[in-house]
Amino acid sequence: MEDKPLLRSLVPDQISTLISASSASAYRGQQLRQWLFKHDATDWEQMGNLPKLLRQNLAARFELTGLQLQEKQVSADRTRKFLFSLRDGHTIESVIIPMADHATFCLSTQVGCAMACTFCATARGGLVRHLSTGEIIEQILRLRLDLKDEPLPGLRERQFNVVFMGMGEPLDNWTALEPALQTMMHPDGLAMSRRRIQVSTSGPAAGLRLLVAAAPGVGLTLSLGGSTDQERRKVMPVPGRTSLQEALTLAADYGRVAGRRVTIAWVLIKDRTDEPAQAQRLAQMLKGHNFKVNLIPLNPLTDSPLAPTANPAVLAFQQILTDAGVPAFVRASGGRDIDAACGQLRRRRQ
Ligand code: SAH
């Protein structure tokens with residue numbers, strides 16, 4: 001592993017401090033931030049308005065890029081899936097999902113994952129390592145450059161949303177995620193609205209507490225997978241160690257400090273998570289709180305017996321929730337024809 005950190009691991013304010021410490025004029029800091037976060041520079045040579053000596057000094061201490069494209073797949077539904085290799089040879093996935101008027105970027109926060117969820121391809125290899133802030137931010141830059149090269153026809157907005165629903169458990173890597181969120185929302189960073197960012201978590205209590213304390217204002221999705229602690233542990237063994245009650249209470253606390261409704265993600269697996277009794281219990285748990293539910297029929301893995309819930313049972317599950325006054329939506333997962341289900345591309349390549 002190279003010892004030089006990625007320059008994009010620094011947040012915009014740290015970039016300014018770095019430049020003032022190097023006794024260059026302060027406006028150089030602003031120019032550098034624009035190259036990093038606005039023009040998506042991938043080569044020091046691009047930064048023509050910065051003195052060569054300054055660039056050389058930066059290059060001696062920092063690496064400008066850390067991701068290399070290994071493979072790109074495009075689905076019939078126009079979902080684009082990317083496999084990137086990191087400087088140490090490990091690989092991660094990122095996805096562009098075309099929506100009605102914008103694109104959604106689905107990003108990774110770890111190489112692999114320690115949560116061992118039975119339905120998820122990323123879980124199979126366990127956790128390899130955390131991503132750095134720079135590696136998280138560079139995924140956005142790479143996807144944005146790809147959209148610039150090959151625009152999505154019919155897209156009205158150049159804006160994009162970010163969901164942390166790729167590989168890894170974001171709240172187990174809060175140390176890198178927190179500065180990444182700062183850079184994403186900073187006016188001299190990526191200048192994104194907090195409304196366009198969604199962190200998805202399996203709900204480790206320690207991580208949820210850090211999120212509540214920092215209150216970054218971004219959206220929160222809590223992946224549930226069970227209506228009792230026992231049920232949840234079967235499907236999500238590691239997250240199941242945090243009690244449902246505690247995870248839901250912390251998620252609701254976050255919803256209050258952020259002033260936003262929290263989303264509950266529920267993967268529908270045939271005969272495992274789609275029983276009407278489970279829907280009833282889920283409805284009882286969520287009723288009267290500021291939650292909505294996204295129901296996600298399982299994206300089947302090639303080497304697993306788990307199957308998605310059939311459509312009539314999906315609608316029945318949804319009906320039980322809405323009848324109880326809990327808003328519930330069915331979410332289709334994109335890119336089924338291109339290994340897009342959560343870590344399958346990396347898995348095939350290994
Ligand atoms: N660890 C975080 C983020 C990564 S998983 C979390 O658990 O939320 C992102 C979402 O993808 C989760 O809601 C998870 O339940 C869902 N998911 C994982 N594998 C899936 C599959 N095979 N089919 C459908 N959804 C899946």
# chains A, B, ... in the order shown; residues from 1 in each chain; ligands from 1

$ select_by_dssp --residues "segment 202-345 of chain A" --states "helix (DSSP H, G or I)" --output "NGL selection string"
:A and (205-214 or 229-235 or 239-241 or 244-258 or 276-286 or 311-323 or 336-338 or 344-345)

$ select_by_dssp --residues "segment 20-138 of chain A" --states "strand (DSSP E)" --output "number ranges by chain"
A: 68-74, 80-85, 91-98, 103-106, 110-112, 127-130

$ closest_residue --among "A:Ile197, A:Ala176, A:Ala60, A:Ile96" --to "Leu152 of chain A" --atoms "only C-alpha atoms"
A:Ile96

$ residues_around --residues "segment 314-323 of chain A" --least-positions-apart "3" --cutoff "9 Å" --atoms "only C-alpha atoms" --output "ChimeraX atom specification"
/A:268,274-276,278-280,282-284,287,293,295-297,309-311,326-330

$ closest_atom_pairs --of "chain A" --to "ligand 1" --cutoff "8 Å" --atoms "only C-alpha atoms and all ligand atoms" --output "tab-separated table"
residue	atom	partner	partner_atom_place_in_ligand_line	distance
A:Ser108	CA	ligand 1	4 (C)	7.7
A:Cys113	CA	ligand 1	1 (N)	7.5
A:Met115	CA	ligand 1	1 (N)	7.2
A:Cys117	CA	ligand 1	18 (C)	7.7
A:Phe119	CA	ligand 1	22 (N)	5.1
A:Cys120	CA	ligand 1	19 (N)	3.8
A:Ala121	CA	ligand 1	19 (N)	6.5
A:Thr122	CA	ligand 1	19 (N)	7.7
A:Phe164	CA	ligand 1	3 (C)	6.1
A:Met165	CA	ligand 1	9 (C)	3.8
A:Gly166	CA	ligand 1	4 (C)	5.1
A:Met167	CA	ligand 1	4 (C)	5.5
A:Gly168	CA	ligand 1	1 (N)	5.2
A:Glu169	CA	ligand 1	1 (N)	3.7
A:Pro170	CA	ligand 1	2 (C)	6.3
A:Val199	CA	ligand 1	3 (C)	7.6
A:Ser200	CA	ligand 1	8 (O)	4.1
A:Thr201	CA	ligand 1	8 (O)	3.6
A:Ser202	CA	ligand 1	7 (O)	3.8
A:Gly203	CA	ligand 1	7 (O)	7.5
A:Thr221	CA	ligand 1	8 (O)	6.7
A:Leu222	CA	ligand 1	8 (O)	6.0
A:Ser223	CA	ligand 1	13 (O)	4.6
A:Leu224	CA	ligand 1	15 (O)	7.4
A:Gly225	CA	ligand 1	15 (O)	7.1
A:Ala265	CA	ligand 1	13 (O)	5.0
A:Trp266	CA	ligand 1	15 (O)	6.5
A:Val267	CA	ligand 1	25 (N)	5.5
A:Leu268	CA	ligand 1	24 (C)	7.7
A:Ile296	CA	ligand 1	24 (C)	5.8
A:Pro297	CA	ligand 1	24 (C)	6.1
A:Leu298	CA	ligand 1	23 (N)	3.8
A:Asn299	CA	ligand 1	23 (N)	3.6
A:Pro300	CA	ligand 1	22 (N)	5.5
A:Leu301	CA	ligand 1	22 (N)	6.2
A:Ser333	CA	ligand 1	24 (C)	7.0
A:Ala341	CA	ligand 1	22 (N)	5.4
A:Cys342	CA	ligand 1	19 (N)	5.1
A:Gly343	CA	ligand 1	19 (N)	8.0

$ closest_atom_pairs --of "segment 284-314 of chain A" --to "segment 252-258 of chain A" --cutoff "12 Å" --atoms "only C-alpha atoms" --output "CSV"
residue,atom,partner,partner_atom,distance
A:Met285,CA,A:Ala252,CA,11.9
A:Leu286,CA,A:Ala252,CA,10.0
A:Gly288,CA,A:Ala252,CA,11.2
A:His289,CA,A:Ala252,CA,7.5
A:Asn290,CA,A:Ala252,CA,7.2
A:Phe291,CA,A:Ala252,CA,7.9
A:Lys292,CA,A:Ala252,CA,11.4

$ write_last_selection --atoms "all heavy atoms" --output "CSV table (one decimal), in the first residue's frame"
chain,number,residue,atom,x,y,z
A,285,MET,N,-44.6,-2.0,15.2
A,285,MET,CA,-43.3,-1.4,15.6
A,285,MET,C,-43.2,0.0,15.1
A,285,MET,O,-42.7,0.9,15.8
A,285,MET,CB,-42.1,-2.2,15.1
A,285,MET,CG,-41.6,-3.1,16.2
A,285,MET,SD,-40.0,-3.8,15.6
A,285,MET,CE,-40.3,-4.4,14.0
A,286,LEU,N,-43.6,0.2,13.9
A,286,LEU,CA,-43.3,1.5,13.2
A,286,LEU,C,-44.5,2.5,13.3
A,286,LEU,O,-44.3,3.7,13.2
A,286,LEU,CB,-43.1,1.3,11.7
A,286,LEU,CG,-41.9,0.3,11.4
A,286,LEU,CD1,-41.7,0.2,9.9
A,286,LEU,CD2,-40.6,0.7,12.1
A,288,GLY,N,-47.0,5.2,14.2
A,288,GLY,CA,-47.0,6.4,15.0
A,288,GLY,C,-45.6,7.1,15.1
A,288,GLY,O,-45.4,8.1,15.7
A,289,HIS,N,-44.6,6.5,14.4
A,289,HIS,CA,-43.3,7.1,14.3
A,289,HIS,C,-43.1,7.6,12.9
A,289,HIS,O,-43.8,7.3,12.0
A,289,HIS,CB,-42.2,6.1,14.6
A,289,HIS,CG,-42.3,5.5,16.0
A,289,HIS,ND1,-41.8,6.2,17.1
A,289,HIS,CD2,-42.7,4.4,16.5
A,289,HIS,CE1,-42.1,5.5,18.2
A,289,HIS,NE2,-42.6,4.4,17.9
A,290,ASN,N,-42.1,8.5,12.8
A,290,ASN,CA,-41.9,9.1,11.5
A,290,ASN,C,-41.0,8.3,10.6
A,290,ASN,O,-39.9,8.7,10.2
A,290,ASN,CB,-41.2,10.5,11.7
A,290,ASN,CG,-41.4,11.5,10.6
A,290,ASN,OD1,-42.2,11.2,9.7
A,290,ASN,ND2,-40.7,12.6,10.5
A,291,PHE,N,-41.5,7.1,10.2
A,291,PHE,CA,-40.8,6.2,9.3
A,291,PHE,C,-41.6,5.9,8.1
A,291,PHE,O,-42.8,6.0,8.1
A,291,PHE,CB,-40.6,4.8,10.0
A,291,PHE,CG,-39.7,4.8,11.2
A,291,PHE,CD1,-40.1,4.4,12.4
A,291,PHE,CD2,-38.4,5.1,11.0
A,291,PHE,CE1,-39.2,4.3,13.5
A,291,PHE,CE2,-37.5,5.1,12.1
A,291,PHE,CZ,-37.9,4.7,13.4
A,292,LYS,N,-40.9,5.6,7.0
A,292,LYS,CA,-41.6,5.0,5.8
A,292,LYS,C,-40.8,3.8,5.5
A,292,LYS,O,-39.7,3.6,5.9
A,292,LYS,CB,-41.7,6.0,4.7
A,292,LYS,CG,-40.3,6.2,4.0
A,292,LYS,CD,-40.5,6.8,2.6
A,292,LYS,CE,-39.2,7.1,2.0
A,292,LYS,NZ,-39.2,7.1,0.6

$ atom_distance --atom1 "atom CA of Phe37 of chain A" --atom2 "atom CA of Asp188 of chain A"
7.5 Å

$ closest_residue --among "A:Leu36, A:Arg241, A:Ala214, A:Arg272" --to "Gly226 of chain A" --atoms "only C-alpha atoms"
A:Arg272

$ residues_around --residues "Gln230 of chain A" --least-positions-apart "6" --cutoff "10 Å" --atoms "only C-alpha atoms" --output "number ranges by chain"
A: 236-237, 240-241, 243-244

$ closest_residue --among "A:Thr228, A:Asn173, A:Ser22, A:Gln139" --to "Thr273 of chain A" --atoms "only C-alpha atoms"
A:Thr228

$ residues_around --residues "His130 of chain A" --least-positions-apart "2" --cutoff "8 Å" --atoms "only C-alpha atoms" --output "VMD selection string"
chain A and resid 109 to 111 128 132 173

$ write_last_selection --atoms "C-alpha atoms" --output "CSV table (one decimal), in the first residue's frame"
chain,number,residue,atom,x,y,z
A,109,THR,CA,-17.6,2.6,1.9
A,110,GLN,CA,-15.6,-0.5,2.6
A,111,VAL,CA,-13.9,-3.3,0.6
A,128,VAL,CA,-11.1,-6.6,3.8
A,132,SER,CA,-10.4,6.3,2.9
A,173,ASN,CA,-16.4,3.5,8.7

$ residues_around --residues "Pro153 of chain A" --least-positions-apart "5" --cutoff "12 Å" --atoms "only C-alpha atoms" --output "CSV table (one decimal) with C-alpha atoms, in the first residue's frame"
chain,number,residue,atom,x,y,z
A,78,ARG,CA,-29.3,1.8,-18.5
A,98,PRO,CA,-30.8,6.5,-14.0
A,99,MET,CA,-33.9,7.9,-12.4
A,100,ALA,CA,-36.7,10.0,-14.1
A,101,ASP,CA,-34.9,13.3,-14.1
A,102,HIS,CA,-31.6,12.7,-12.3
A,103,ALA,CA,-28.9,10.1,-11.8
A,147,LEU,CA,-21.7,10.8,-17.3
A,148,LYS,CA,-19.9,13.7,-18.9
A,158,ARG,CA,-27.1,17.5,-14.3

$ atom_distance --atom1 "atom CA of Gly48 of chain A" --atom2 "atom CA of Gln31 of chain A"
10.2 Å

$ closest_residue --among "A:Thr104, A:Thr133, A:Gln198, A:Thr175" --to "Gln159 of chain A" --atoms "only C-alpha atoms"
A:Thr104
